[in-house]
Amino acid sequence: MRLKLAVIPGDGIGPEIVREARKVLDRVTEIYGHEIQAAEVLMGGASIDAFGEPLTREALSVIRKQDAILMGSVGGNAATSPWYQLPPQKRPEAALLRLRKEMNLFANLRPAYLYKELRGACPLRDEIIGDGFDMMIMRELTGGLYFGERKTEERDGVVTAVDTLVYNENEIRRIAKRAFDIAGKRRKKVCSVDKANVLDSSRLWRRVVEEVAKDYPQISLEHMLVDNCAMQLVKDPRQFDVILTENMFGDILSDEASMVTGSIGMLSSASLNDTKFGLYEPSGGSAPDIAGKDVANPIATILSAAMMLRYSFDLDREAADVERAVEQVLEEGYRTSDIMAEGCTLVGTAAMGDLIAERIQG
Ligand code: IPM
Ligand code: MG
């Protein structure tokens, strides 16, 4: 099979972690007889430096011709980088939001799984961890506060900022269906997270999710308020299978979930639309403070590449092989510094990529 990819290294640790994911993908394609056709695209700060804007029309048109995007991260240090002197719509992050919207990537999947080898990196107590946890955060990605109207203006001499949280029933229905479909292949539980005790958008969310649930009698549905969910994630993470939630809540809860799995460097993600097209990126940021030092953990990006094989190309065996290789390397005790533990072997970004690539077996 030919895999047509847009590869967006991006900023900060992006280029290093994408390089390792490419290494693993090259190994997969060599062993399984596929072929990668990659188009490298600049986005974020790298694109601002080259073209004065974070995502050019040309970049977008190259991306549209591919089957999937493999991305590192965009953005820099907001306190020191000149990118943040630009107006908000010209900053690196604006490119990512625009890309999500342009490609209609409404379904963001963020699996938070505790590897048994990483129990030591989990900040929760042993009795809470139990036999581990495995949840999928399904975050709506093209609506809500991120894309509602916003402005800053003077009202009666007082500077006032407005952000709007909008959802229509169709936006809620399509992400809810995805969540139920995915739950069907897992432990058949959906926990829909909202703030229905305060927000109209959440009351609509709850109503539509209940309607969708009627078509999935085999899946159990529970509703949870977002503040309670934030608490439950550290109190009893084992209760969760699929967490379905809107854009902003999903942004916050997925960072929290990643930390209970030990490190944000382990959390992969897929952003999907109605076709097979997807954007695959680690959930963590560009971490400019550790960029270029060969210390970043490439595993989240490598696992994102595995999600790409599975969701965009239906290459389930290849995806499972990558996931198994990651597990094997962890079992053998290799760790990047973010997940380092006593008795383990500390390795850098590139060595971690090599180790995983070598363990792809076919
Ligand atoms: C994420 C990131 C982005 C978001 C930022 C970089 C705009 O935090 O993917 O979670 O808020 O969606
Ligand atoms: Mg985030």
# chains A, B, ... in the order shown; residues from 1 in each chain; ligands from 1

call {"tool": "residues_near_ligand", "arguments": {"ligand": "ligand 2", "cutoff": "8 Å", "atoms": "only C-alpha atoms and all ligand atoms", "output": "list in words"}}
result
Asp251, Ile252, Ser254, Asp255, Ser283, Gly284 and Gly285 of chain A

call {"tool": "write_last_selection", "arguments": {"atoms": "all heavy atoms", "output": "PDB file, in the first residue's frame"}}
result
ATOM      1  N   ASP A 251      -9.894  19.427  26.279  1.00  0.00           N
ATOM      2  CA  ASP A 251      -8.520  19.934  26.318  1.00  0.00           C
ATOM      3  C   ASP A 251      -7.961  19.769  27.731  1.00  0.00           C
ATOM      4  O   ASP A 251      -6.858  19.256  27.935  1.00  0.00           O
ATOM      5  CB  ASP A 251      -8.506  21.413  25.901  1.00  0.00           C
ATOM      6  CG  ASP A 251      -7.109  22.003  25.950  1.00  0.00           C
ATOM      7  OD1 ASP A 251      -6.172  21.328  25.493  1.00  0.00           O
ATOM      8  OD2 ASP A 251      -6.960  23.141  26.457  1.00  0.00           O
ATOM      9  N   ILE A 252      -8.740  20.178  28.689  1.00  0.00           N
ATOM     10  CA  ILE A 252      -8.283  20.170  30.082  1.00  0.00           C
ATOM     11  C   ILE A 252      -8.211  18.740  30.629  1.00  0.00           C
ATOM     12  O   ILE A 252      -7.201  18.320  31.200  1.00  0.00           O
ATOM     13  CB  ILE A 252      -9.225  21.044  30.949  1.00  0.00           C
ATOM     14  CG1 ILE A 252      -9.200  22.493  30.430  1.00  0.00           C
ATOM     15  CG2 ILE A 252      -8.824  20.962  32.419  1.00  0.00           C
ATOM     16  CD1 ILE A 252     -10.304  23.376  30.978  1.00  0.00           C
ATOM     17  N   SER A 254      -7.939  15.945  29.077  1.00  0.00           N
ATOM     18  CA  SER A 254      -6.954  15.047  28.458  1.00  0.00           C
ATOM     19  C   SER A 254      -5.557  15.301  29.021  1.00  0.00           C
ATOM     20  O   SER A 254      -4.765  14.371  29.156  1.00  0.00           O
ATOM     21  CB  SER A 254      -6.989  15.110  26.930  1.00  0.00           C
ATOM     22  OG  SER A 254      -6.706  16.397  26.454  1.00  0.00           O
ATOM     23  N   ASP A 255      -5.237  16.528  29.352  1.00  0.00           N
ATOM     24  CA  ASP A 255      -3.946  16.762  30.019  1.00  0.00           C
ATOM     25  C   ASP A 255      -3.922  16.083  31.393  1.00  0.00           C
ATOM     26  O   ASP A 255      -2.925  15.484  31.794  1.00  0.00           O
ATOM     27  CB  ASP A 255      -3.679  18.265  30.216  1.00  0.00           C
ATOM     28  CG  ASP A 255      -2.891  18.868  29.052  1.00  0.00           C
ATOM     29  OD1 ASP A 255      -3.025  18.359  27.923  1.00  0.00           O
ATOM     30  OD2 ASP A 255      -2.149  19.851  29.278  1.00  0.00           O
ATOM     31  N   SER A 283      -0.207  14.415  22.135  1.00  0.00           N
ATOM     32  CA  SER A 283      -1.076  15.391  22.810  1.00  0.00           C
ATOM     33  C   SER A 283      -0.281  16.489  23.508  1.00  0.00           C
ATOM     34  O   SER A 283      -0.825  17.516  23.868  1.00  0.00           O
ATOM     35  CB  SER A 283      -1.961  14.688  23.840  1.00  0.00           C
ATOM     36  OG  SER A 283      -2.810  13.802  23.181  1.00  0.00           O
ATOM     37  N   GLY A 284       0.991  16.247  23.720  1.00  0.00           N
ATOM     38  CA  GLY A 284       1.799  17.243  24.426  1.00  0.00           C
ATOM     39  C   GLY A 284       2.157  18.412  23.535  1.00  0.00           C
ATOM     40  O   GLY A 284       1.909  18.403  22.329  1.00  0.00           O
ATOM     41  N   GLY A 285       2.770  19.411  24.124  1.00  0.00           N
ATOM     42  CA  GLY A 285       3.109  20.619  23.378  1.00  0.00           C
ATOM     43  C   GLY A 285       4.510  20.560  22.789  1.00  0.00           C
ATOM     44  O   GLY A 285       5.130  19.495  22.703  1.00  0.00           O
TER      45      GLY A 285
END

call {"tool": "closest_atom_pairs", "arguments": {"of": "chain A", "to": "ligand 1", "cutoff": "9 Å", "atoms": "only C-alpha atoms and all ligand atoms", "output": "JSON lines"}}
result
{"residue": "A:Ser73", "atom": "CA", "partner": "ligand 1", "partner_atom_place_in_ligand_line": "6 (C)", "distance": 7.9}
{"residue": "A:Val74", "atom": "CA", "partner": "ligand 1", "partner_atom_place_in_ligand_line": "6 (C)", "distance": 6.9}
{"residue": "A:Gly75", "atom": "CA", "partner": "ligand 1", "partner_atom_place_in_ligand_line": "6 (C)", "distance": 7.1}
{"residue": "A:Pro92", "atom": "CA", "partner": "ligand 1", "partner_atom_place_in_ligand_line": "6 (C)", "distance": 8.3}
{"residue": "A:Glu93", "atom": "CA", "partner": "ligand 1", "partner_atom_place_in_ligand_line": "7 (C)", "distance": 5.0}
{"residue": "A:Ala94", "atom": "CA", "partner": "ligand 1", "partner_atom_place_in_ligand_line": "7 (C)", "distance": 7.1}
{"residue": "A:Ala95", "atom": "CA", "partner": "ligand 1", "partner_atom_place_in_ligand_line": "7 (C)", "distance": 8.9}
{"residue": "A:Leu96", "atom": "CA", "partner": "ligand 1", "partner_atom_place_in_ligand_line": "7 (C)", "distance": 6.7}
{"residue": "A:Leu97", "atom": "CA", "partner": "ligand 1", "partner_atom_place_in_ligand_line": "7 (C)", "distance": 6.5}
{"residue": "A:Leu141", "atom": "CA", "partner": "ligand 1", "partner_atom_place_in_ligand_line": "12 (O)", "distance": 7.5}
{"residue": "A:Tyr146", "atom": "CA", "partner": "ligand 1", "partner_atom_place_in_ligand_line": "11 (O)", "distance": 8.0}
{"residue": "A:Asn247", "atom": "CA", "partner": "ligand 1", "partner_atom_place_in_ligand_line": "12 (O)", "distance": 7.6}
{"residue": "A:Met248", "atom": "CA", "partner": "ligand 1", "partner_atom_place_in_ligand_line": "11 (O)", "distance": 7.4}
{"residue": "A:Gly250", "atom": "CA", "partner": "ligand 1", "partner_atom_place_in_ligand_line": "10 (O)", "distance": 8.0}
{"residue": "A:Asp251", "atom": "CA", "partner": "ligand 1", "partner_atom_place_in_ligand_line": "10 (O)", "distance": 4.9}
{"residue": "A:Ile252", "atom": "CA", "partner": "ligand 1", "partner_atom_place_in_ligand_line": "10 (O)", "distance": 7.6}
{"residue": "A:Ser254", "atom": "CA", "partner": "ligand 1", "partner_atom_place_in_ligand_line": "10 (O)", "distance": 7.5}
{"residue": "A:Asp255", "atom": "CA", "partner": "ligand 1", "partner_atom_place_in_ligand_line": "10 (O)", "distance": 7.4}
{"residue": "A:Ser269", "atom": "CA", "partner": "ligand 1", "partner_atom_place_in_ligand_line": "9 (O)", "distance": 8.8}
{"residue": "A:Glu281", "atom": "CA", "partner": "ligand 1", "partner_atom_place_in_ligand_line": "9 (O)", "distance": 8.5}
{"residue": "A:Pro282", "atom": "CA", "partner": "ligand 1", "partner_atom_place_in_ligand_line": "9 (O)", "distance": 8.3}
{"residue": "A:Ser283", "atom": "CA", "partner": "ligand 1", "partner_atom_place_in_ligand_line": "9 (O)", "distance": 5.7}
{"residue": "A:Gly284", "atom": "CA", "partner": "ligand 1", "partner_atom_place_in_ligand_line": "1 (C)", "distance": 7.1}
{"residue": "A:Gly285", "atom": "CA", "partner": "ligand 1", "partner_atom_place_in_ligand_line": "6 (C)", "distance": 6.6}
{"residue": "A:Ser286", "atom": "CA", "partner": "ligand 1", "partner_atom_place_in_ligand_line": "6 (C)", "distance": 8.6}

call {"tool": "closest_residue", "arguments": {"among": "A:Gly157, A:Gly10, A:Pro87, A:Pro237", "to": "Ile69 of chain A", "atoms": "only C-alpha atoms"}}
result
A:Gly10

call {"tool": "select_by_dssp", "arguments": {"residues": "segment 1-120 of chain A", "states": "alpha helix (DSSP H)", "output": "PDB file with N, CA, C and O atoms, in the first residue's frame"}}
result
ATOM      1  N   GLY A  14       9.146  19.169  18.136  1.00  0.00           N
ATOM      2  CA  GLY A  14       8.433  18.562  17.008  1.00  0.00           C
ATOM      3  C   GLY A  14       9.334  17.815  16.030  1.00  0.00           C
ATOM      4  O   GLY A  14       9.135  16.620  15.780  1.00  0.00           O
ATOM      5  N   PRO A  15      10.348  18.517  15.451  1.00  0.00           N
ATOM      6  CA  PRO A  15      11.188  17.828  14.466  1.00  0.00           C
ATOM      7  C   PRO A  15      11.854  16.558  15.007  1.00  0.00           C
ATOM      8  O   PRO A  15      11.931  15.544  14.303  1.00  0.00           O
ATOM      9  N   GLU A  16      12.293  16.572  16.259  1.00  0.00           N
ATOM     10  CA  GLU A  16      12.975  15.385  16.813  1.00  0.00           C
ATOM     11  C   GLU A  16      12.035  14.202  16.992  1.00  0.00           C
ATOM     12  O   GLU A  16      12.380  13.061  16.700  1.00  0.00           O
ATOM     13  N   ILE A  17      10.844  14.483  17.501  1.00  0.00           N
ATOM     14  CA  ILE A  17       9.936  13.369  17.777  1.00  0.00           C
ATOM     15  C   ILE A  17       9.312  12.827  16.487  1.00  0.00           C
ATOM     16  O   ILE A  17       9.094  11.630  16.350  1.00  0.00           O
ATOM     17  N   VAL A  18       9.110  13.722  15.511  1.00  0.00           N
ATOM     18  CA  VAL A  18       8.587  13.258  14.218  1.00  0.00           C
ATOM     19  C   VAL A  18       9.636  12.399  13.505  1.00  0.00           C
ATOM     20  O   VAL A  18       9.313  11.393  12.875  1.00  0.00           O
ATOM     21  N   ARG A  19      10.892  12.775  13.635  1.00  0.00           N
ATOM     22  CA  ARG A  19      11.971  11.990  13.019  1.00  0.00           C
ATOM     23  C   ARG A  19      11.930  10.554  13.532  1.00  0.00           C
ATOM     24  O   ARG A  19      12.084   9.597  12.769  1.00  0.00           O
ATOM     25  N   GLU A  20      11.699  10.389  14.826  1.00  0.00           N
ATOM     26  CA  GLU A  20      11.671   9.032  15.394  1.00  0.00           C
ATOM     27  C   GLU A  20      10.441   8.258  14.920  1.00  0.00           C
ATOM     28  O   GLU A  20      10.517   7.059  14.668  1.00  0.00           O
ATOM     29  N   ALA A  21       9.314   8.964  14.783  1.00  0.00           N
ATOM     30  CA  ALA A  21       8.111   8.282  14.290  1.00  0.00           C
ATOM     31  C   ALA A  21       8.319   7.858  12.830  1.00  0.00           C
ATOM     32  O   ALA A  21       7.903   6.771  12.422  1.00  0.00           O
ATOM     33  N   ARG A  22       9.001   8.711  12.071  1.00  0.00           N
ATOM     34  CA  ARG A  22       9.296   8.354  10.677  1.00  0.00           C
ATOM     35  C   ARG A  22      10.197   7.120  10.612  1.00  0.00           C
ATOM     36  O   ARG A  22      10.035   6.245   9.772  1.00  0.00           O
ATOM     37  N   LYS A  23      11.158   7.086  11.517  1.00  0.00           N
ATOM     38  CA  LYS A  23      12.079   5.946  11.586  1.00  0.00           C
ATOM     39  C   LYS A  23      11.282   4.647  11.764  1.00  0.00           C
ATOM     40  O   LYS A  23      11.500   3.662  11.069  1.00  0.00           O
ATOM     41  N   VAL A  24      10.335   4.687  12.699  1.00  0.00           N
ATOM     42  CA  VAL A  24       9.531   3.503  12.984  1.00  0.00           C
ATOM     43  C   VAL A  24       8.632   3.178  11.778  1.00  0.00           C
ATOM     44  O   VAL A  24       8.516   2.021  11.369  1.00  0.00           O
ATOM     45  N   LEU A  25       8.040   4.207  11.187  1.00  0.00           N
ATOM     46  CA  LEU A  25       7.183   3.979  10.016  1.00  0.00           C
ATOM     47  C   LEU A  25       7.983   3.416   8.841  1.00  0.00           C
ATOM     48  O   LEU A  25       7.501   2.544   8.118  1.00  0.00           O
ATOM     49  N   ASP A  26       9.194   3.919   8.659  1.00  0.00           N
ATOM     50  CA  ASP A  26      10.026   3.411   7.562  1.00  0.00           C
ATOM     51  C   ASP A  26      10.313   1.930   7.759  1.00  0.00           C
ATOM     52  O   ASP A  26      10.306   1.145   6.812  1.00  0.00           O
ATOM     53  N   ARG A  27      10.546   1.581   8.993  1.00  0.00           N
ATOM     54  CA  ARG A  27      10.807   0.174   9.313  1.00  0.00           C
ATOM     55  C   ARG A  27       9.554  -0.666   9.025  1.00  0.00           C
ATOM     56  O   ARG A  27       9.642  -1.749   8.441  1.00  0.00           O
ATOM     57  N   VAL A  28       8.396  -0.157   9.429  1.00  0.00           N
ATOM     58  CA  VAL A  28       7.135  -0.874   9.187  1.00  0.00           C
ATOM     59  C   VAL A  28       6.920  -1.067   7.687  1.00  0.00           C
ATOM     60  O   VAL A  28       6.602  -2.165   7.223  1.00  0.00           O
ATOM     61  N   THR A  29       7.120  -0.013   6.919  1.00  0.00           N
ATOM     62  CA  THR A  29       6.834  -0.118   5.486  1.00  0.00           C
ATOM     63  C   THR A  29       7.825  -1.072   4.813  1.00  0.00           C
ATOM     64  O   THR A  29       7.451  -1.826   3.925  1.00  0.00           O
ATOM     65  N   GLU A  30       9.070  -1.045   5.292  1.00  0.00           N
ATOM     66  CA  GLU A  30      10.071  -1.952   4.729  1.00  0.00           C
ATOM     67  C   GLU A  30       9.673  -3.416   4.993  1.00  0.00           C
ATOM     68  O   GLU A  30       9.679  -4.239   4.083  1.00  0.00           O
ATOM     69  N   ILE A  31       9.298  -3.694   6.233  1.00  0.00           N
ATOM     70  CA  ILE A  31       8.994  -5.075   6.591  1.00  0.00           C
ATOM     71  C   ILE A  31       7.687  -5.578   5.976  1.00  0.00           C
ATOM     72  O   ILE A  31       7.586  -6.711   5.538  1.00  0.00           O
ATOM     73  N   TYR A  32       6.688  -4.697   5.936  1.00  0.00           N
ATOM     74  CA  TYR A  32       5.372  -5.143   5.456  1.00  0.00           C
ATOM     75  C   TYR A  32       5.154  -4.859   3.968  1.00  0.00           C
ATOM     76  O   TYR A  32       4.070  -5.092   3.448  1.00  0.00           O
ATOM     77  N   GLY A  45       5.344  28.148  14.056  1.00  0.00           N
ATOM     78  CA  GLY A  45       6.450  29.092  14.095  1.00  0.00           C
ATOM     79  C   GLY A  45       7.394  28.916  12.917  1.00  0.00           C
ATOM     80  O   GLY A  45       7.894  29.895  12.335  1.00  0.00           O
ATOM     81  N   ALA A  46       7.644  27.666  12.537  1.00  0.00           N
ATOM     82  CA  ALA A  46       8.550  27.397  11.415  1.00  0.00           C
ATOM     83  C   ALA A  46       8.035  28.070  10.144  1.00  0.00           C
ATOM     84  O   ALA A  46       8.820  28.583   9.337  1.00  0.00           O
ATOM     85  N   SER A  47       6.730  28.067   9.976  1.00  0.00           N
ATOM     86  CA  SER A  47       6.142  28.703   8.791  1.00  0.00           C
ATOM     87  C   SER A  47       6.156  30.233   8.917  1.00  0.00           C
ATOM     88  O   SER A  47       6.359  30.946   7.926  1.00  0.00           O
ATOM     89  N   ILE A  48       5.957  30.723  10.131  1.00  0.00           N
ATOM     90  CA  ILE A  48       6.035  32.177  10.352  1.00  0.00           C
ATOM     91  C   ILE A  48       7.437  32.664   9.971  1.00  0.00           C
ATOM     92  O   ILE A  48       7.593  33.664   9.256  1.00  0.00           O
ATOM     93  N   ASP A  49       8.454  31.930  10.423  1.00  0.00           N
ATOM     94  CA  ASP A  49       9.828  32.328  10.114  1.00  0.00           C
ATOM     95  C   ASP A  49      10.095  32.319   8.611  1.00  0.00           C
ATOM     96  O   ASP A  49      10.787  33.174   8.087  1.00  0.00           O
ATOM     97  N   ALA A  50       9.523  31.337   7.926  1.00  0.00           N
ATOM     98  CA  ALA A  50       9.797  31.214   6.491  1.00  0.00           C
ATOM     99  C   ALA A  50       8.902  32.113   5.639  1.00  0.00           C
ATOM    100  O   ALA A  50       9.349  32.696   4.668  1.00  0.00           O
ATOM    101  N   PHE A  51       7.627  32.223   6.003  1.00  0.00           N
ATOM    102  CA  PHE A  51       6.664  32.904   5.119  1.00  0.00           C
ATOM    103  C   PHE A  51       5.887  34.034   5.782  1.00  0.00           C
ATOM    104  O   PHE A  51       5.020  34.647   5.156  1.00  0.00           O
ATOM    105  N   ARG A  57      -1.556  29.083   2.204  1.00  0.00           N
ATOM    106  CA  ARG A  57      -2.537  28.429   1.341  1.00  0.00           C
ATOM    107  C   ARG A  57      -1.890  27.250   0.609  1.00  0.00           C
ATOM    108  O   ARG A  57      -2.500  26.204   0.424  1.00  0.00           O
ATOM    109  N   GLU A  58      -0.633  27.435   0.211  1.00  0.00           N
ATOM    110  CA  GLU A  58       0.085  26.353  -0.493  1.00  0.00           C
ATOM    111  C   GLU A  58       0.215  25.134   0.424  1.00  0.00           C
ATOM    112  O   GLU A  58       0.001  24.001  -0.010  1.00  0.00           O
ATOM    113  N   ALA A  59       0.557  25.392   1.677  1.00  0.00           N
ATOM    114  CA  ALA A  59       0.708  24.280   2.629  1.00  0.00           C
ATOM    115  C   ALA A  59      -0.602  23.512   2.738  1.00  0.00           C
ATOM    116  O   ALA A  59      -0.643  22.283   2.673  1.00  0.00           O
ATOM    117  N   LEU A  60      -1.673  24.263   2.854  1.00  0.00           N
ATOM    118  CA  LEU A  60      -2.991  23.642   2.988  1.00  0.00           C
ATOM    119  C   LEU A  60      -3.341  22.828   1.736  1.00  0.00           C
ATOM    120  O   LEU A  60      -3.916  21.742   1.829  1.00  0.00           O
ATOM    121  N   SER A  61      -2.973  23.333   0.577  1.00  0.00           N
ATOM    122  CA  SER A  61      -3.331  22.594  -0.629  1.00  0.00           C
ATOM    123  C   SER A  61      -2.474  21.322  -0.758  1.00  0.00           C
ATOM    124  O   SER A  61      -2.958  20.300  -1.244  1.00  0.00           O
ATOM    125  N   VAL A  62      -1.230  21.362  -0.302  1.00  0.00           N
ATOM    126  CA  VAL A  62      -0.421  20.131  -0.282  1.00  0.00           C
ATOM    127  C   VAL A  62      -1.062  19.121   0.676  1.00  0.00           C
ATOM    128  O   VAL A  62      -1.214  17.937   0.357  1.00  0.00           O
ATOM    129  N   ILE A  63      -1.472  19.606   1.852  1.00  0.00           N
ATOM    130  CA  ILE A  63      -2.069  18.723   2.856  1.00  0.00           C
ATOM    131  C   ILE A  63      -3.325  18.043   2.315  1.00  0.00           C
ATOM    132  O   ILE A  63      -3.546  16.849   2.515  1.00  0.00           O
ATOM    133  N   ARG A  64      -4.138  18.802   1.622  1.00  0.00           N
ATOM    134  CA  ARG A  64      -5.391  18.251   1.080  1.00  0.00           C
ATOM    135  C   ARG A  64      -5.182  17.089   0.128  1.00  0.00           C
ATOM    136  O   ARG A  64      -6.068  16.276  -0.073  1.00  0.00           O
ATOM    137  N   PRO A  92       1.416  30.743  16.066  1.00  0.00           N
ATOM    138  CA  PRO A  92       1.533  29.327  15.680  1.00  0.00           C
ATOM    139  C   PRO A  92       0.266  28.506  15.935  1.00  0.00           C
ATOM    140  O   PRO A  92      -0.175  27.744  15.069  1.00  0.00           O
ATOM    141  N   GLU A  93      -0.332  28.656  17.123  1.00  0.00           N
ATOM    142  CA  GLU A  93      -1.481  27.821  17.482  1.00  0.00           C
ATOM    143  C   GLU A  93      -2.674  28.052  16.552  1.00  0.00           C
ATOM    144  O   GLU A  93      -3.504  27.157  16.347  1.00  0.00           O
ATOM    145  N   ALA A  94      -2.755  29.271  15.983  1.00  0.00           N
ATOM    146  CA  ALA A  94      -3.876  29.572  15.087  1.00  0.00           C
ATOM    147  C   ALA A  94      -3.861  28.635  13.886  1.00  0.00           C
ATOM    148  O   ALA A  94      -4.905  28.260  13.348  1.00  0.00           O
ATOM    149  N   ALA A  95      -2.650  28.232  13.466  1.00  0.00           N
ATOM    150  CA  ALA A  95      -2.528  27.333  12.319  1.00  0.00           C
ATOM    151  C   ALA A  95      -3.160  25.981  12.626  1.00  0.00           C
ATOM    152  O   ALA A  95      -3.855  25.394  11.791  1.00  0.00           O
ATOM    153  N   LEU A  96      -2.917  25.508  13.833  1.00  0.00           N
ATOM    154  CA  LEU A  96      -3.449  24.202  14.223  1.00  0.00           C
ATOM    155  C   LEU A  96      -4.978  24.244  14.257  1.00  0.00           C
ATOM    156  O   LEU A  96      -5.657  23.350  13.748  1.00  0.00           O
ATOM    157  N   LEU A  97      -5.518  25.321  14.828  1.00  0.00           N
ATOM    158  CA  LEU A  97      -6.976  25.444  14.903  1.00  0.00           C
ATOM    159  C   LEU A  97      -7.564  25.543  13.502  1.00  0.00           C
ATOM    160  O   LEU A  97      -8.588  24.938  13.188  1.00  0.00           O
ATOM    161  N   ARG A  98      -6.891  26.290  12.642  1.00  0.00           N
ATOM    162  CA  ARG A  98      -7.389  26.445  11.279  1.00  0.00           C
ATOM    163  C   ARG A  98      -7.354  25.102  10.547  1.00  0.00           C
ATOM    164  O   ARG A  98      -8.291  24.737   9.838  1.00  0.00           O
ATOM    165  N   LEU A  99      -6.267  24.374  10.726  1.00  0.00           N
ATOM    166  CA  LEU A  99      -6.139  23.068  10.077  1.00  0.00           C
ATOM    167  C   LEU A  99      -7.251  22.118  10.540  1.00  0.00           C
ATOM    168  O   LEU A  99      -7.891  21.435   9.743  1.00  0.00           O
ATOM    169  N   ARG A 100      -7.505  22.103  11.844  1.00  0.00           N
ATOM    170  CA  ARG A 100      -8.581  21.250  12.371  1.00  0.00           C
ATOM    171  C   ARG A 100      -9.905  21.621  11.717  1.00  0.00           C
ATOM    172  O   ARG A 100     -10.685  20.755  11.320  1.00  0.00           O
ATOM    173  N   LYS A 101     -10.150  22.917  11.613  1.00  0.00           N
ATOM    174  CA  LYS A 101     -11.425  23.383  11.070  1.00  0.00           C
ATOM    175  C   LYS A 101     -11.511  23.120   9.563  1.00  0.00           C
ATOM    176  O   LYS A 101     -12.520  22.595   9.073  1.00  0.00           O
ATOM    177  N   GLU A 102     -10.453  23.481   8.837  1.00  0.00           N
ATOM    178  CA  GLU A 102     -10.461  23.323   7.369  1.00  0.00           C
ATOM    179  C   GLU A 102     -10.664  21.870   6.969  1.00  0.00           C
ATOM    180  O   GLU A 102     -11.326  21.576   5.990  1.00  0.00           O
TER     181      GLU A 102
END

call {"tool": "residues_around", "arguments": {"residues": "Asp163 of chain A", "least_positions_apart": "5", "cutoff": "8 Å", "atoms": "only C-alpha atoms", "output": "JSON list (two decimals) with all heavy atoms, in the first residue's frame"}}
result
[["chain", "number", "residue", "atom", "x", "y", "z"],
["A", 145, "LEU", "N", -16.06, 26.78, 22.50],
["A", 145, "LEU", "CA", -15.37, 28.05, 22.79],
["A", 145, "LEU", "C", -14.23, 28.35, 21.82],
["A", 145, "LEU", "O", -13.90, 29.50, 21.58],
["A", 145, "LEU", "CB", -14.77, 27.98, 24.20],
["A", 145, "LEU", "CG", -15.68, 28.42, 25.36],
["A", 145, "LEU", "CD1", -15.00, 28.10, 26.68],
["A", 145, "LEU", "CD2", -15.99, 29.91, 25.27],
["A", 148, "GLY", "N", -16.18, 29.77, 18.59],
["A", 148, "GLY", "CA", -17.26, 30.74, 18.70],
["A", 148, "GLY", "C", -16.73, 32.15, 18.50],
["A", 148, "GLY", "O", -15.52, 32.38, 18.53],
["A", 149, "GLU", "N", -17.64, 33.07, 18.30],
["A", 149, "GLU", "CA", -17.23, 34.46, 18.08],
["A", 149, "GLU", "C", -16.48, 34.99, 19.31],
["A", 149, "GLU", "O", -16.87, 34.70, 20.45],
["A", 149, "GLU", "CB", -18.49, 35.29, 17.88],
["A", 149, "GLU", "CG", -18.27, 36.55, 17.09],
["A", 149, "GLU", "CD", -19.56, 37.36, 17.04],
["A", 149, "GLU", "OE1", -20.65, 36.77, 16.80],
["A", 149, "GLU", "OE2", -19.46, 38.57, 17.27],
["A", 150, "ARG", "N", -15.43, 35.74, 19.07],
["A", 150, "ARG", "CA", -14.75, 36.37, 20.21],
["A", 150, "ARG", "C", -14.34, 37.79, 19.88],
["A", 150, "ARG", "O", -14.09, 38.13, 18.73],
["A", 150, "ARG", "CB", -13.57, 35.54, 20.68],
["A", 150, "ARG", "CG", -12.40, 35.44, 19.73],
["A", 150, "ARG", "CD", -11.27, 34.61, 20.33],
["A", 150, "ARG", "NE", -11.25, 33.25, 19.81],
["A", 150, "ARG", "CZ", -11.65, 32.18, 20.47],
["A", 150, "ARG", "NH1", -12.09, 32.28, 21.70],
["A", 150, "ARG", "NH2", -11.62, 30.99, 19.91],
["A", 151, "LYS", "N", -14.31, 38.63, 20.89],
["A", 151, "LYS", "CA", -13.85, 40.00, 20.68],
["A", 151, "LYS", "C", -13.47, 40.64, 22.00],
["A", 151, "LYS", "O", -13.87, 40.17, 23.08],
["A", 151, "LYS", "CB", -14.95, 40.83, 19.99],
["A", 151, "LYS", "CG", -16.22, 40.93, 20.79],
["A", 151, "LYS", "CD", -17.29, 41.67, 20.01],
["A", 151, "LYS", "CE", -18.63, 41.48, 20.70],
["A", 151, "LYS", "NZ", -19.78, 41.70, 19.87]]

call {"tool": "residues_around", "arguments": {"residues": "segment 196-208 of chain A", "least_positions_apart": "3", "cutoff": "8 Å", "atoms": "only C-alpha atoms", "output": "VMD selection string"}}
result
chain A and resid 165 to 167 169 172 to 173 192 211 to 212 223 225
